[in-house]
$ cat input_13.tsv   # TSV, C-alpha atoms (C1' of nucleotides)
chain	number	residue	atom	x	y	z
A	453	MET	CA	-3.39	29.72	27.27
A	454	SER	CA	-3.57	26.03	28.07
A	455	ASP	CA	-1.76	23.89	25.54
A	456	LYS	CA	-3.79	20.77	26.32
A	457	LEU	CA	-5.41	19.33	23.24
A	458	THR	CA	-7.84	16.53	22.53
A	459	ILE	CA	-6.94	14.25	19.66
A	460	GLY	CA	-9.49	15.99	17.47
A	461	LYS	CA	-7.97	19.43	18.13
A	462	LEU	CA	-4.49	18.11	17.46
A	463	ALA	CA	-5.77	16.53	14.26
A	464	SER	CA	-7.27	19.74	12.90
A	465	ALA	CA	-4.27	21.79	14.08
A	466	THR	CA	-1.90	19.62	12.03
A	467	GLY	CA	-4.10	18.53	9.16
A	468	THR	CA	-3.86	14.90	10.24
A	469	LYS	CA	-6.70	12.42	10.63
A	470	VAL	CA	-7.51	11.25	14.14
A	471	GLU	CA	-6.93	7.63	13.15
A	472	THR	CA	-3.54	8.51	11.73
A	473	ILE	CA	-2.48	10.08	15.04
A	474	ARG	CA	-3.48	6.95	16.91
A	475	TYR	CA	-1.59	4.95	14.30
A	476	TYR	CA	1.56	7.05	14.84
A	477	GLU	CA	1.28	6.39	18.56
A	478	GLN	CA	0.84	2.67	17.94
A	479	ILE	CA	3.99	2.41	15.83
A	480	GLY	CA	5.94	4.52	18.33
A	481	LEU	CA	6.42	7.54	16.09
A	482	LEU	CA	4.55	9.95	18.36
A	483	ALA	CA	4.86	9.57	22.15
A	484	ALA	CA	1.74	8.38	23.98
A	485	PRO	CA	0.19	11.35	25.80
A	486	ALA	CA	-1.34	11.45	29.29
A	487	ARG	CA	-4.98	10.43	29.67
A	488	SER	CA	-7.87	12.35	31.19
A	489	ALA	CA	-10.23	10.95	33.83
A	490	GLY	CA	-12.46	9.73	31.02
A	491	ASN	CA	-9.50	8.05	29.28
A	492	TYR	CA	-9.16	10.72	26.59
A	493	ARG	CA	-5.71	11.46	25.20
A	494	THR	CA	-4.50	14.91	26.33
A	495	TYR	CA	-1.75	16.35	24.17
A	496	GLU	CA	0.73	19.11	25.07
A	497	GLY	CA	2.59	21.67	22.97
A	498	GLU	CA	5.49	19.26	22.49
A	499	HIS	CA	3.21	16.76	20.80
A	500	LEU	CA	2.00	19.47	18.47
A	501	ARG	CA	5.58	20.34	17.56
A	502	ARG	CA	6.52	16.71	16.96
A	503	LEU	CA	3.46	15.96	14.89
A	504	SER	CA	4.00	19.09	12.80
A	505	PHE	CA	7.54	17.90	12.11
A	506	ILE	CA	6.26	14.45	11.16
A	507	ARG	CA	3.56	15.79	8.86
A	508	ARG	CA	5.89	18.18	7.13
A	509	ALA	CA	8.49	15.48	6.53
A	510	ARG	CA	5.78	13.08	5.33
A	511	ASP	CA	4.41	15.74	2.99
A	512	LEU	CA	7.90	16.03	1.55
A	513	GLY	CA	7.71	12.33	0.84
A	514	PHE	CA	10.05	11.00	3.53
A	515	SER	CA	9.18	7.48	4.65
A	516	ILE	CA	8.19	6.79	8.24
A	517	ASP	CA	11.63	5.28	8.85
A	518	GLN	CA	13.33	8.34	7.44
A	519	VAL	CA	11.18	10.55	9.66
A	520	ARG	CA	12.21	8.47	12.66
A	521	GLU	CA	15.84	8.93	11.69
A	522	LEU	CA	15.43	12.68	11.17
A	523	MET	CA	13.73	13.08	14.55
A	524	GLY	CA	16.52	11.15	16.21
A	525	LEU	CA	19.06	13.49	14.63
A	526	ALA	CA	17.08	16.57	15.54
A	527	ASP	CA	17.18	15.45	19.16
A	528	ARG	CA	20.94	15.01	19.32
A	529	ARG	CA	21.66	18.59	18.45
A	530	GLU	CA	25.40	18.54	19.05
A	531	GLN	CA	25.94	16.31	16.07
A	532	SER	CA	26.82	17.32	12.55
A	533	CYS	CA	24.27	18.43	10.05
A	534	MET	CA	25.85	16.14	7.50
A	535	ALA	CA	23.81	13.08	8.45
A	536	VAL	CA	20.66	15.07	7.84
A	537	ASP	CA	22.04	16.32	4.56
A	538	VAL	CA	22.74	12.73	3.48
A	539	ILE	CA	19.16	11.63	4.10
A	540	ALA	CA	17.74	14.63	2.27
A	541	ASN	CA	20.04	14.04	-0.69
A	542	GLN	CA	19.19	10.34	-0.92
A	543	HIS	CA	15.58	11.30	-0.98
A	544	ARG	CA	16.19	13.98	-3.59
A	545	ASP	CA	17.89	11.40	-5.83
A	546	ALA	CA	14.96	9.01	-5.49
A	547	ILE	CA	12.59	11.77	-6.56
A	548	THR	CA	14.75	12.60	-9.56
A	549	ARG	CA	14.57	8.97	-10.66
A	550	LYS	CA	10.82	8.86	-10.16
A	551	ILE	CA	10.26	11.97	-12.26
A	552	ALA	CA	12.38	10.51	-15.06
A	553	ASP	CA	10.42	7.24	-14.98
A	554	LEU	CA	7.07	8.99	-15.03
A	555	THR	CA	8.12	11.28	-17.87
A	556	ALA	CA	9.15	8.31	-19.99
A	557	LEU	CA	5.84	6.64	-19.16
A	558	ALA	CA	3.90	9.75	-20.11
A	559	SER	CA	5.41	9.92	-23.58
A	560	GLU	CA	4.72	6.23	-24.16
A	561	LEU	CA	1.12	6.79	-23.17
A	562	ASP	CA	0.92	9.87	-25.37
A	563	ALA	CA	2.02	7.86	-28.37
A	564	LEU	CA	-0.64	5.29	-27.57
A	565	ILE	CA	-3.38	7.84	-27.13
A	566	ASP	CA	-2.50	9.65	-30.36
A	567	SER	CA	-2.98	6.42	-32.26
A	568	CYS	CA	-6.57	5.93	-31.14
A	569	SER	CA	-8.75	7.04	-34.02
A	570	ARG	CA	-12.15	6.29	-32.57
A	571	ASN	CA	-12.57	3.03	-34.39
A	572	THR	CA	-14.12	-0.09	-33.01
A	573	VAL	CA	-12.09	-1.96	-30.44
A	574	ALA	CA	-11.19	-4.51	-33.12
A	575	GLU	CA	-8.97	-1.88	-34.71
A	576	CYS	CA	-8.02	-0.02	-31.55
A	577	ARG	CA	-4.33	0.69	-31.58
A	578	ILE	CA	-4.17	1.05	-27.81
A	579	ILE	CA	-5.45	-2.46	-27.28
A	580	GLU	CA	-3.12	-3.68	-30.00
A	581	ALA	CA	-0.17	-1.96	-28.43
A	582	LEU	CA	-0.93	-3.61	-25.12
A	583	GLY	CA	-1.15	-7.04	-26.71
A	584	PRO	CA	1.65	-9.60	-26.95
A	585	SER	CA	4.78	-8.21	-28.53
A	586	ALA	CA	5.88	-9.07	-32.08
A	587	GLU	CA	8.68	-11.32	-30.79
A	588	ALA	CA	6.27	-13.29	-28.66
A	589	ARG	CA	3.99	-13.78	-31.66
A	590	SER	CA	6.81	-14.89	-33.96
A	591	HIS	CA	7.59	-18.01	-31.93
B	312	MET	CA	4.96	-27.01	-31.24
B	313	SER	CA	3.06	-27.58	-28.05
B	314	ASP	CA	1.97	-24.37	-26.35
B	315	LYS	CA	1.63	-25.97	-22.92
B	316	LEU	CA	3.61	-24.16	-20.28
B	317	THR	CA	4.40	-24.71	-16.62
B	318	ILE	CA	4.01	-21.74	-14.36
B	319	GLY	CA	7.78	-21.27	-14.29
B	320	LYS	CA	7.99	-21.18	-18.10
B	321	LEU	CA	5.13	-18.71	-18.27
B	322	ALA	CA	6.84	-16.61	-15.63
B	323	SER	CA	10.12	-16.38	-17.49
B	324	ALA	CA	8.35	-15.87	-20.83
B	325	THR	CA	6.56	-12.81	-19.48
B	326	GLY	CA	9.00	-11.47	-16.93
B	327	THR	CA	6.58	-12.15	-14.10
B	328	LYS	CA	7.29	-13.89	-10.80
B	329	VAL	CA	5.64	-17.25	-10.23
B	330	GLU	CA	3.95	-15.95	-7.06
B	331	THR	CA	2.56	-13.00	-8.98
B	332	ILE	CA	0.94	-15.30	-11.54
B	333	ARG	CA	-0.71	-17.32	-8.79
B	334	TYR	CA	-1.82	-14.03	-7.26
B	335	TYR	CA	-3.38	-12.91	-10.55
B	336	GLU	CA	-5.27	-16.18	-10.70
B	337	GLN	CA	-6.45	-15.77	-7.12
B	338	ILE	CA	-7.89	-12.31	-7.75
B	339	GLY	CA	-9.50	-13.47	-10.98
B	340	LEU	CA	-7.33	-11.43	-13.33
B	341	LEU	CA	-5.88	-14.42	-15.16
B	342	ALA	CA	-8.09	-17.45	-15.81
B	343	ALA	CA	-7.25	-20.60	-13.87
B	344	PRO	CA	-5.55	-23.08	-16.22
B	345	ALA	CA	-6.05	-26.83	-16.46
B	346	ARG	CA	-4.06	-29.04	-14.10
B	347	SER	CA	-1.74	-31.92	-14.91
B	348	ALA	CA	-1.94	-35.36	-13.27
B	349	GLY	CA	0.44	-34.10	-10.60
B	350	ASN	CA	-1.70	-31.00	-10.01
B	351	TYR	CA	0.62	-28.65	-11.87
B	352	ARG	CA	-0.89	-25.65	-13.68
B	353	THR	CA	-0.66	-26.12	-17.46
B	354	TYR	CA	-0.93	-22.91	-19.41
B	355	GLU	CA	-1.88	-22.46	-23.07
B	356	GLY	CA	-1.00	-19.80	-25.61
B	357	GLU	CA	-4.05	-17.80	-24.66
B	358	HIS	CA	-2.77	-17.46	-21.10
B	359	LEU	CA	0.54	-16.21	-22.44
B	360	ARG	CA	-1.25	-13.59	-24.53
B	361	ARG	CA	-3.40	-12.47	-21.60
B	362	LEU	CA	-0.53	-12.28	-19.17
B	363	SER	CA	1.57	-10.33	-21.68
B	364	PHE	CA	-1.27	-7.85	-21.97
B	365	ILE	CA	-1.54	-7.57	-18.20
B	366	ARG	CA	2.19	-7.07	-17.72
B	367	ARG	CA	2.42	-4.46	-20.42
B	368	ALA	CA	-0.50	-2.49	-19.02
B	369	ARG	CA	0.88	-2.79	-15.48
B	370	ASP	CA	4.28	-1.58	-16.69
B	371	LEU	CA	2.51	1.45	-18.12
B	372	GLY	CA	1.17	2.06	-14.63
B	373	PHE	CA	-2.45	1.02	-15.10
B	374	SER	CA	-4.02	-0.26	-11.88
B	375	ILE	CA	-5.29	-3.83	-11.64
B	376	ASP	CA	-8.85	-2.53	-11.91
B	377	GLN	CA	-7.99	-0.54	-15.03
B	378	VAL	CA	-6.38	-3.62	-16.54
B	379	ARG	CA	-9.52	-5.60	-15.81
B	380	GLU	CA	-11.56	-2.91	-17.55
B	381	LEU	CA	-9.23	-2.77	-20.55
B	382	MET	CA	-9.35	-6.55	-20.93
B	383	GLY	CA	-13.13	-6.48	-20.77
B	384	LEU	CA	-13.18	-3.89	-23.53
B	385	ALA	CA	-10.66	-5.76	-25.61
B	386	ASP	CA	-12.94	-8.78	-25.52
B	387	ARG	CA	-16.01	-6.96	-26.80
B	388	ARG	CA	-14.38	-6.10	-30.09
B	389	GLU	CA	-17.40	-4.66	-31.90
B	390	GLN	CA	-17.58	-1.76	-29.49
B	391	SER	CA	-16.11	1.71	-29.81
B	392	CYS	CA	-12.51	2.46	-29.02
B	393	MET	CA	-13.57	5.56	-27.14
B	394	ALA	CA	-13.97	3.84	-23.78
B	395	VAL	CA	-10.38	2.66	-24.07
B	396	ASP	CA	-9.29	6.16	-24.98
B	397	VAL	CA	-11.04	7.51	-21.87
B	398	ILE	CA	-9.21	5.13	-19.53
B	399	ALA	CA	-5.87	5.87	-21.14
B	400	ASN	CA	-6.48	9.60	-20.86
B	401	GLN	CA	-7.52	9.40	-17.21
B	402	HIS	CA	-4.31	7.59	-16.51
B	403	ARG	CA	-2.30	10.10	-18.50
B	404	ASP	CA	-3.83	12.92	-16.44
B	405	ALA	CA	-2.98	11.18	-13.18
B	406	ILE	CA	0.63	10.87	-14.31
B	407	THR	CA	0.75	14.54	-15.27
B	408	ARG	CA	-0.41	15.47	-11.79
B	409	LYS	CA	2.12	13.16	-10.18
B	410	ILE	CA	4.97	14.67	-12.17
B	411	ALA	CA	3.90	18.18	-11.18
B	412	ASP	CA	3.73	17.20	-7.51
B	413	LEU	CA	7.14	15.57	-7.58
B	414	THR	CA	8.70	18.53	-9.36
B	415	ALA	CA	7.38	20.94	-6.74
B	416	LEU	CA	8.68	18.60	-4.06
B	417	ALA	CA	12.09	18.45	-5.67
B	418	SER	CA	12.53	22.21	-5.64
B	419	GLU	CA	11.41	22.42	-2.01
B	420	LEU	CA	13.96	19.77	-1.14
B	421	ASP	CA	16.63	21.58	-3.16
B	422	ALA	CA	16.03	24.76	-1.21
B	423	LEU	CA	16.32	22.78	2.03
B	424	ILE	CA	19.53	21.08	0.96
B	425	ASP	CA	21.08	24.35	-0.21
B	426	SER	CA	20.42	25.89	3.16
B	427	CYS	CA	22.28	23.18	5.01
B	428	SER	CA	25.75	24.60	5.49
B	429	ARG	CA	27.32	21.67	7.32
B	430	ASN	CA	26.97	23.18	10.76
B	431	THR	CA	25.88	21.35	13.88
B	432	VAL	CA	22.30	20.18	14.01
B	433	ALA	CA	21.54	23.07	16.39
B	434	GLU	CA	21.79	25.40	13.40
B	435	CYS	CA	20.68	22.94	10.75
B	436	ARG	CA	18.24	24.64	8.45
B	437	ILE	CA	16.78	21.38	7.20
B	438	ILE	CA	15.64	20.38	10.68
B	439	GLU	CA	14.35	23.91	11.23
B	440	ALA	CA	12.47	23.89	7.97
B	441	LEU	CA	10.78	20.66	8.95
B	442	GLY	CA	9.79	22.01	12.36
B	443	PRO	CA	6.46	23.61	13.27
B	444	SER	CA	5.47	26.34	10.85
B	445	ALA	CA	5.70	30.05	11.72
B	446	GLU	CA	1.92	30.28	12.04
B	447	ALA	CA	1.84	27.37	14.45
B	448	ARG	CA	4.55	29.03	16.57
B	449	SER	CA	2.80	32.44	16.57
B	450	HIS	CA	-0.27	31.15	18.45
C	630	DT	C1'	-33.33	15.12	34.42
C	631	DA	C1'	-33.41	13.21	30.16
C	632	DT	C1'	-31.86	13.21	25.70
C	633	DG	C1'	-29.32	14.07	21.81
C	634	DC	C1'	-25.16	14.60	19.57
C	635	DA	C1'	-20.33	15.25	18.76
C	636	DC	C1'	-16.56	13.44	20.15
C	637	DC	C1'	-13.61	9.85	22.19
C	638	DC	C1'	-12.12	4.79	23.21
C	639	DT	C1'	-10.30	-0.18	21.64
C	640	DC	C1'	-9.98	-3.77	18.49
C	641	DT	C1'	-10.06	-5.85	14.14
C	642	DA	C1'	-9.91	-6.11	9.37
C	643	DG	C1'	-9.43	-4.03	4.88
C	644	DT	C1'	-6.80	-1.39	1.17
C	645	DC	C1'	-3.06	-2.25	-3.04
C	646	DG	C1'	-0.02	-5.23	-5.37
C	647	DC	C1'	2.46	-8.08	-4.47
C	648	DT	C1'	6.35	-10.90	-1.63
C	649	DA	C1'	8.11	-14.35	1.52
C	650	DG	C1'	8.04	-18.39	4.13
C	651	DA	C1'	6.55	-22.93	6.01
C	652	DG	C1'	5.73	-27.42	4.97
C	653	DG	C1'	4.94	-30.33	1.83
C	654	DG	C1'	4.47	-33.00	-3.24
C	655	DT	C1'	6.25	-34.03	-8.32
C	656	DC	C1'	9.34	-34.97	-11.93
C	657	DA	C1'	13.37	-35.84	-14.71
C	658	DA	C1'	18.33	-36.71	-14.82
C	659	DG	C1'	22.19	-39.33	-13.39
D	37	DC	C1'	17.15	-44.43	-5.93
D	38	DT	C1'	18.55	-40.22	-4.79
D	39	DT	C1'	19.23	-35.46	-5.75
D	40	DG	C1'	17.67	-31.12	-6.83
D	41	DA	C1'	14.82	-28.10	-9.35
D	42	DC	C1'	10.51	-27.23	-9.70
D	43	DC	C1'	5.60	-27.22	-8.19
D	44	DC	C1'	1.57	-27.09	-4.63
D	45	DT	C1'	-1.41	-24.64	-0.70
D	46	DC	C1'	-1.86	-21.69	3.00
D	47	DT	C1'	-0.76	-17.89	5.82
D	48	DA	C1'	1.29	-13.73	7.07
D	49	DG	C1'	3.83	-9.62	6.01
D	50	DC	C1'	5.05	-5.01	3.68
D	51	DG	C1'	3.85	0.56	4.03
D	52	DA	C1'	0.94	3.87	5.59
D	53	DC	C1'	-2.85	4.28	6.60
D	54	DT	C1'	-8.41	3.81	6.50
D	55	DA	C1'	-12.86	2.06	7.89
D	56	DG	C1'	-16.06	-0.06	10.79
D	57	DA	C1'	-18.14	-2.28	14.88
D	58	DG	C1'	-19.46	-1.64	19.34
D	59	DG	C1'	-19.08	0.93	22.99
D	60	DG	C1'	-18.04	5.21	26.54
D	61	DT	C1'	-17.70	10.54	27.61
D	62	DG	C1'	-18.93	15.29	27.90
D	63	DC	C1'	-21.66	19.12	27.15
D	64	DA	C1'	-25.74	21.76	25.69
D	65	DT	C1'	-30.49	22.09	25.33
D	66	DA	C1'	-35.63	20.99	26.30
$ encode --input "input_13.tsv" --output "structure tokens"
Amino acid sequence: MSDKLTIGKLASATGTKVETIRYYEQIGLLAAPARSAGNYRTYEGEHLRRLSFIRRARDLGFSIDQVRELMGLADRREQSCMAVDVIANQHRDAITRKIADLTALASELDALIDSCSRNTVAECRIIEALGPSAEARSH
Amino acid sequence: MSDKLTIGKLASATGTKVETIRYYEQIGLLAAPARSAGNYRTYEGEHLRRLSFIRRARDLGFSIDQVRELMGLADRREQSCMAVDVIANQHRDAITRKIADLTALASELDALIDSCSRNTVAECRIIEALGPSAEARSH
DNA sequence: TATGCACCCTCTAGTCGCTAGAGGGTCAAG
DNA sequence: CTTGACCCTCTAGCGACTAGAGGGTGCATA
């Protein structure tokens, strides 16, 4: 029933690497826990909750700074949900842009790949396509 | 008619920052050019062609190491195009995976955002959703 | 009791692809 | 001859870790 955890236990409970937990402590994202007689970190249930929050937000692609902001909001519970909503929406917009960029990239690459007809490199259309553009050559 | 360029000219001709060009030289991606009497880098047409190639490949999302590999292949022109095709396809696959991940992320975020009904943070579903998972709580 | 082994500690440096800044030198125009 | 745009090197910083050196701790087993 004890909720004391070594760093290794906390790591496997949250799917985080041990080094990453120490890193989060170092940058002040996760509070430094008490130490045992042998100088081992001893984590409590609250640390587990915080780290779970951090990991989940990180998995959703929030930056460390955004996570910090979200945790600050979560702690001041009287305040409006709107600030949280704003952060989530900003992040959603960034993801939308990224997907669009990657999709455009993918079709460019597809065109390139289609044009490769297993010739020697001298005739390789991919290499050609990556070369200097026609305008650059015309000067 | 001279094709000698200062680093600034090369930068604006290729849409690269001056610092980035020096960085490419430092990591051995772009050959070091001759120097003028005043120790300025003096680039030739070949440098322009190489840097254009690099920029284009980087814009398509190839890593520096992939660019290095592609340039090596482009130089051995008698050899089969297939190695180039392989690199391009690996990269295409990585992009496909990234798009899938981001799309899944986007719908998770959408669900989160929908559930936020502008209440106080105490009832905020986004913060809840980011908290420790049900399994973690049940232990 | 000794020994082995998994785990923990700190500290430092490396990853990737640049970017920024300090502190200077060069060059061409006015 | 001065101004200002450009160039030089060197070093450190970004984000978010990751890896390694060189050591200490804790527990089980022979």
$ closest_residue --input "input_13.tsv" --among "B:Ile318, B:Leu371, B:Ala342, B:Ala415" --to "chain A" --atoms "only C-alpha atoms"
B:Leu371
$ residues_around --input "input_13.tsv" --residues "range 643-655 of chain C" --least-positions-apart "4" --cutoff "8 Å" --atoms "all atoms listed in the file" --output "list in words"
Glu330, Thr331, Tyr334 and Gly349 of chain B; DC43, DC44, DG49, DT54 and DA55 of chain D
$ closest_atom_pairs --input "input_13.tsv" --of "chain C" --to "chain A" --cutoff "10 Å" --atoms "only C-alpha atoms (C1' of nucleotides)" --output "Markdown table"
| residue | atom | partner | partner_atom | distance |
| --- | --- | --- | --- | --- |
| C:DC636 | C1' | A:Gly460 | CA | 8.0 |
| C:DC637 | C1' | A:Tyr492 | CA | 6.3 |
| C:DC638 | C1' | A:Asn491 | CA | 7.4 |
$ interface_residues --input "input_13.tsv" --of "chain D" --to "chain A" --cutoff "10 Å" --atoms "all atoms listed in the file" --output "ChimeraX atom specification"
/D:51-55,60-62
$ closest_residue --input "input_13.tsv" --among "A:Ala546, A:Val538, A:Ala484, A:Cys533" --to "chain B" --atoms "all atoms listed in the file"
A:Cys533
$ atom_distance --input "input_13.tsv" --atom1 "CA of Asp421 in chain B" --atom2 "CA of Gly467 in chain A"
24.3 Å
$ closest_residue --input "input_13.tsv" --among "D:DA57, D:DC50, D:DA64, D:DC42" --to "DC634 in chain C" --atoms "all atoms listed in the file"
D:DA64
$ closest_residue --input "input_13.tsv" --among "A:Thr466, A:Phe505, A:Ile539, A:Asp566" --to "chain B" --atoms "all atoms listed in the file"
A:Phe505
$ closest_residue --input "input_13.tsv" --among "A:Val519, A:Leu457, A:Leu557, A:Leu481" --to "chain B" --atoms "all atoms listed in the file"
A:Leu557
$ closest_residue --input "input_13.tsv" --among "B:Asp386, B:Glu380, B:Glu355, B:Glu336" --to "chain A" --atoms "all atoms listed in the file"
B:Asp386
$ atom_distance --input "input_13.tsv" --atom1 "CA of Leu482 in chain A" --atom2 "CA of Ser418 in chain B"
28.1 Å
$ axis_aligned_box --input "input_13.tsv" --around "range 43-62 of chain D" --padding-each-side "6 Å" --output "JSON"
{"center_x": -6.9, "center_y": -6.0, "center_z": 9.9, "size_x": 37.1, "size_y": 54.5, "size_z": 48.1}
$ atom_distance --input "input_13.tsv" --atom1 "CA of Ala509 in chain A" --atom2 "CA of Ala540 in chain A"
10.2 Å
$ residues_near_point --input "input_13.tsv" --point "(9.7, 15.3, 7.5)" --cutoff "9 Å" --atoms "only C-alpha atoms (C1' of nucleotides)" --output "PDB file with C-alpha atoms, in the frame of the given file"
ATOM      1  CA  SER A 504       4.000  19.090  12.800  1.00  0.00           C
ATOM      2  CA  PHE A 505       7.540  17.900  12.110  1.00  0.00           C
ATOM      3  CA  ILE A 506       6.260  14.450  11.160  1.00  0.00           C
ATOM      4  CA  ARG A 507       3.560  15.790   8.860  1.00  0.00           C
ATOM      5  CA  ARG A 508       5.890  18.180   7.130  1.00  0.00           C
ATOM      6  CA  ALA A 509       8.490  15.480   6.530  1.00  0.00           C
ATOM      7  CA  ARG A 510       5.780  13.080   5.330  1.00  0.00           C
ATOM      8  CA  ASP A 511       4.410  15.740   2.990  1.00  0.00           C
ATOM      9  CA  LEU A 512       7.900  16.030   1.550  1.00  0.00           C
ATOM     10  CA  GLY A 513       7.710  12.330   0.840  1.00  0.00           C
ATOM     11  CA  PHE A 514      10.050  11.000   3.530  1.00  0.00           C
ATOM     12  CA  SER A 515       9.180   7.480   4.650  1.00  0.00           C
ATOM     13  CA  ILE A 516       8.190   6.790   8.240  1.00  0.00           C
ATOM     14  CA  GLN A 518      13.330   8.340   7.440  1.00  0.00           C
ATOM     15  CA  VAL A 519      11.180  10.550   9.660  1.00  0.00           C
ATOM     16  CA  ARG A 520      12.210   8.470  12.660  1.00  0.00           C
ATOM     17  CA  LEU A 522      15.430  12.680  11.170  1.00  0.00           C
ATOM     18  CA  MET A 523      13.730  13.080  14.550  1.00  0.00           C
TER      19      MET A 523
ATOM     20  CA  ILE B 438      15.640  20.380  10.680  1.00  0.00           C
ATOM     21  CA  LEU B 441      10.780  20.660   8.950  1.00  0.00           C
ATOM     22  CA  GLY B 442       9.790  22.010  12.360  1.00  0.00           C
TER      23      GLY B 442
END
